[in-house]
Each structure stands twice: as structure tokens, then as C-alpha cells.
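Right, one structure below, let's go through it.
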Amino acid sequence: MNNTNIKPCSMKAIPEEERPYEKCLSGGAESLSDAELLSVILRTGAQGSSVLELSRTILADQGAGSGLLGIYHRSLSDLQKIRGVGKVKAVQLKCIAELSRRFARAQASGGLSFSNPDTIAEYYMEELRHEEQEVLLVLMLNSKSMLLHEEIISRGTVRASLISPREIFISALRYRAVGIILLHNHPSGIPDPSRDDVLLTQRVLEAGKLIGIELLDHIIIGDRQAVSMRELGILIPSGEI
């Protein structure tokens, strides 16, 4: 059988009221499934399949986890391994994932307060909860609890024995911070502090006392949940003693 004459399945074969674009016009974007939303953005399918069928294939692919999160975790080259996804569609998909992350962060920024660990966790949640490695981030604050700078200190395994407080405070001194907050993720999704997390917190706390830069909190990000060392009572800033 010669497949060269096979043409992409047309959306016209679907009743008009069931087509994603028309459904969005009549019922709003919230009425569409994930696959339907994806098909509206991608617009065209692949040879032998409509854009809706291609969207379902993309979401069902198990290469790096299925569903929308699977798109986030795949690289451009991984996406192009899915039948019907070329360079252009792979770029579109990665941009969709990045926009989603930025939407979530922008929404959380309205209530962000660096004296409130819940708002800090919410703001950094989408950035860190998808990371497959542990990432240690240092937030440097001025005397009014305003952010001066944020910096990734470590990417990999966050162990007290591998991270020197010196690295943390060199940057803090450069930006003339008076306080810092440590923030890192647990790829397991469970934010319970490990022994290394507690040891690192204590080492940085003590080092900060010597040079006059206070460790205000150490927040661990899991999957849609977070833990504050300060709220657990593991870390007690000097002003609260």
C-alpha cells in the first residue's frame, strides 16, 4: 500500500460544535480538555492524524511522564521524537510550558512577602517543584526585607558537607545584604527536612552570626507543599530569642 497519498485527517470531519476552536468561542477556554487546548495552539496536525489526535498523542507519551508535566520535563530533542512533532511544534510546546510557569509565578507575586514563608514558597513553587535535581537558592534581603538579589549556590545534592557557608556569604556581602533566606527543593516531592538540611541550616546560621548577616529562614519546596525551618522551630532568628 502506498502511503504517500495519505493526507492529514481534517478537523472538518468533527461536528462543528465539537471542534476545539468553536468550543472555545461558545463555552470559553475553561470548557476545553488539555488536548483540545493544545490543539488550538498547535493548529495543524501531522500526516495521517488531526491536530486533536496529535495533541492526545503528545499528552499520552510516556517518555518523561504523561500529561502537561511531561511537556515541561522533555527537552526539544525528546519532543521531536514524538511522531508528528518537528522542530517548530517542539519549540511551541516548550514555550507553552514556560508561559505556564511564568503565569503561575506572576500570579503568586501579588502576595509575595519575604517575611511570610507561605508566600515565598508559593512564589518559587513552579520554578523549583519540577526540578529533577536539588537546587539551593539564596535570597538576599536588605533591612526592609526587600529582595536585593537571588542566586543559585548549588545544583545537585544539597549536603551540609558539600556546601560551604563561605560561598553563600560572599555573594551576600557583595550585595550588602543584612539577611538571607535559603530555599531548596526535594525532587521526591516530600519537603520534610533531612539531617543534612538541618546541619546546613545550623552551619549557615552560626556563620551568619559571626559576620552580621542573619539567616532568616530555610524553606524546603516539595510538590505543592513546603516546610519552613523557622516555623518548625529548627531555626530561631536572633530577634525572636
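Convention: chains lettered A, B, ... in C-alpha cells order; per-chain residue numbering from 1; ligands numbered from 1 as shown.
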
So that I can check the secondary structure, give me every residue of region 13-235 of chain A assigned strand (DSSP E or B) by backbone DSSP, as a ChimeraX atom specification. /A:46,49,134-141,147-156,179-185,214-221,226-228

Can you list, as number ranges by chain, every protein, DNA or RNA residue that comes within 8 Å of Ser154 (chain A) when you count only C-alpha atoms, leaving out same-chain residues fewer than 5 positions away? A: 134-137, 163

Go ahead and save the residues from that selection, with N, CA, C and O atoms, as a JSON list (two decimals), in the first residue's frame.
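What landed in selection.json:
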[["chain", "number", "residue", "atom", "x", "y", "z"],
["A", 134, "GLU", "N", 18.27, 18.58, 43.14],
["A", 134, "GLU", "CA", 18.13, 19.57, 44.19],
["A", 134, "GLU", "C", 18.83, 20.87, 43.77],
["A", 134, "GLU", "O", 19.94, 20.83, 43.26],
["A", 135, "VAL", "N", 18.15, 21.97, 44.01],
["A", 135, "VAL", "CA", 18.70, 23.29, 43.69],
["A", 135, "VAL", "C", 18.65, 24.13, 44.96],
["A", 135, "VAL", "O", 17.60, 24.24, 45.59],
["A", 136, "LEU", "N", 19.79, 24.71, 45.35],
["A", 136, "LEU", "CA", 19.84, 25.57, 46.52],
["A", 136, "LEU", "C", 19.92, 27.02, 46.08],
["A", 136, "LEU", "O", 20.85, 27.43, 45.39],
["A", 137, "LEU", "N", 18.92, 27.78, 46.48],
["A", 137, "LEU", "CA", 18.81, 29.18, 46.10],
["A", 137, "LEU", "C", 18.96, 30.04, 47.34],
["A", 137, "LEU", "O", 18.44, 29.71, 48.41],
["A", 163, "ILE", "N", 28.55, 21.93, 50.87],
["A", 163, "ILE", "CA", 28.26, 23.35, 50.66],
["A", 163, "ILE", "C", 28.93, 24.17, 51.75],
["A", 163, "ILE", "O", 28.69, 23.96, 52.94]]

Nearest to Ser39 (chain A), restricted to only C-alpha atoms and choosing among A:Leu54, A:Leu93, A:Leu183, A:Leu25, comes out as A:Leu54

Using only C-alpha atoms, which of A:Ala29, A:Leu235, A:Leu69, A:Val88 sits nearest His130 (chain A)?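 The shortest atom-to-atom distance to His130 (chain A) comes from A:Leu69.
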
Tell me, counting only C-alpha atoms, for each residue of region 121-167 of chain A within 8 Å of region 209-225 of chain A, which pair of atoms is nearest and how far apart they are in Å to one decimal, in rows ordered by chain and increasing number, as a Markdown table.
| residue | atom | partner | partner_atom | distance |
| --- | --- | --- | --- | --- |
| A:Ala121 | CA | A:Ile221 | CA | 6.7 |
| A:Met125 | CA | A:Ile221 | CA | 6.6 |
| A:Leu128 | CA | A:Ile221 | CA | 7.0 |
| A:Arg129 | CA | A:Asp223 | CA | 5.4 |
| A:His130 | CA | A:Asp223 | CA | 7.9 |

Can you list, as a ChimeraX atom specification, all residues belonging to region 50-206 of chain A that DSSP tags as helix (DSSP H, G or I)? /A:51-60,67-73,76-79,87-109,117-128,165-174,195-206

Selection: 9 Å around Ile41 (chain A), only C-alpha atoms, excl. self and same-chain fewer than 3 positions, as a PyMOL selection string: chain A and resi 36-38+44+92+96

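Among the candidates A:Ile71, A:Ile234, A:Ala35, A:Ile181, the residue lying nearest to Ser50 (chain A) is A:Ala35 (atoms considered: only C-alpha atoms).
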
d(CA of Ile153 (chain A), CA of Ser188 (chain A)) in Å: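 Calculated distance between CA of Ile153 (chain A) and CA of Ser188 (chain A) is 20.2 Å.
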
Nearest to Pro193 (chain A) among A:Ser31, A:Ser164, A:Ser228, A:Ser26, with distances taken over only C-alpha atoms: which residue is it?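 For Pro193 (chain A), the nearest of the candidates is A:Ser228.
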
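One finds CA of Glu126 (chain A) at 5.8 Å from CA of Arg101 (chain A).
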
A:Ser171, A:Ser49, A:Gln133, A:Gly179: which is nearest Glu151 (chain A), counting only C-alpha atoms? A:Ser171

From the set A:Asp34, A:Glu131, A:Ser113, A:Gly156, which residue has the shortest atom-to-atom contact distance to Gly189 (chain A), counting only C-alpha atoms?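 Closest candidate: A:Glu131.
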
Could you tell me how far CA of Gln107 (chain A) sits from CA of Ile120 (chain A), in Å to one decimal place? 12.5 Å

Near Arg174 (chain A), counting only C-alpha atoms, which residues have an atom at most 12 Å away, once you skip same-chain residues fewer than 2 positions from it, shown as a ChimeraX atom specification? /A:140-141,148-149,151,167-172,176-178,213
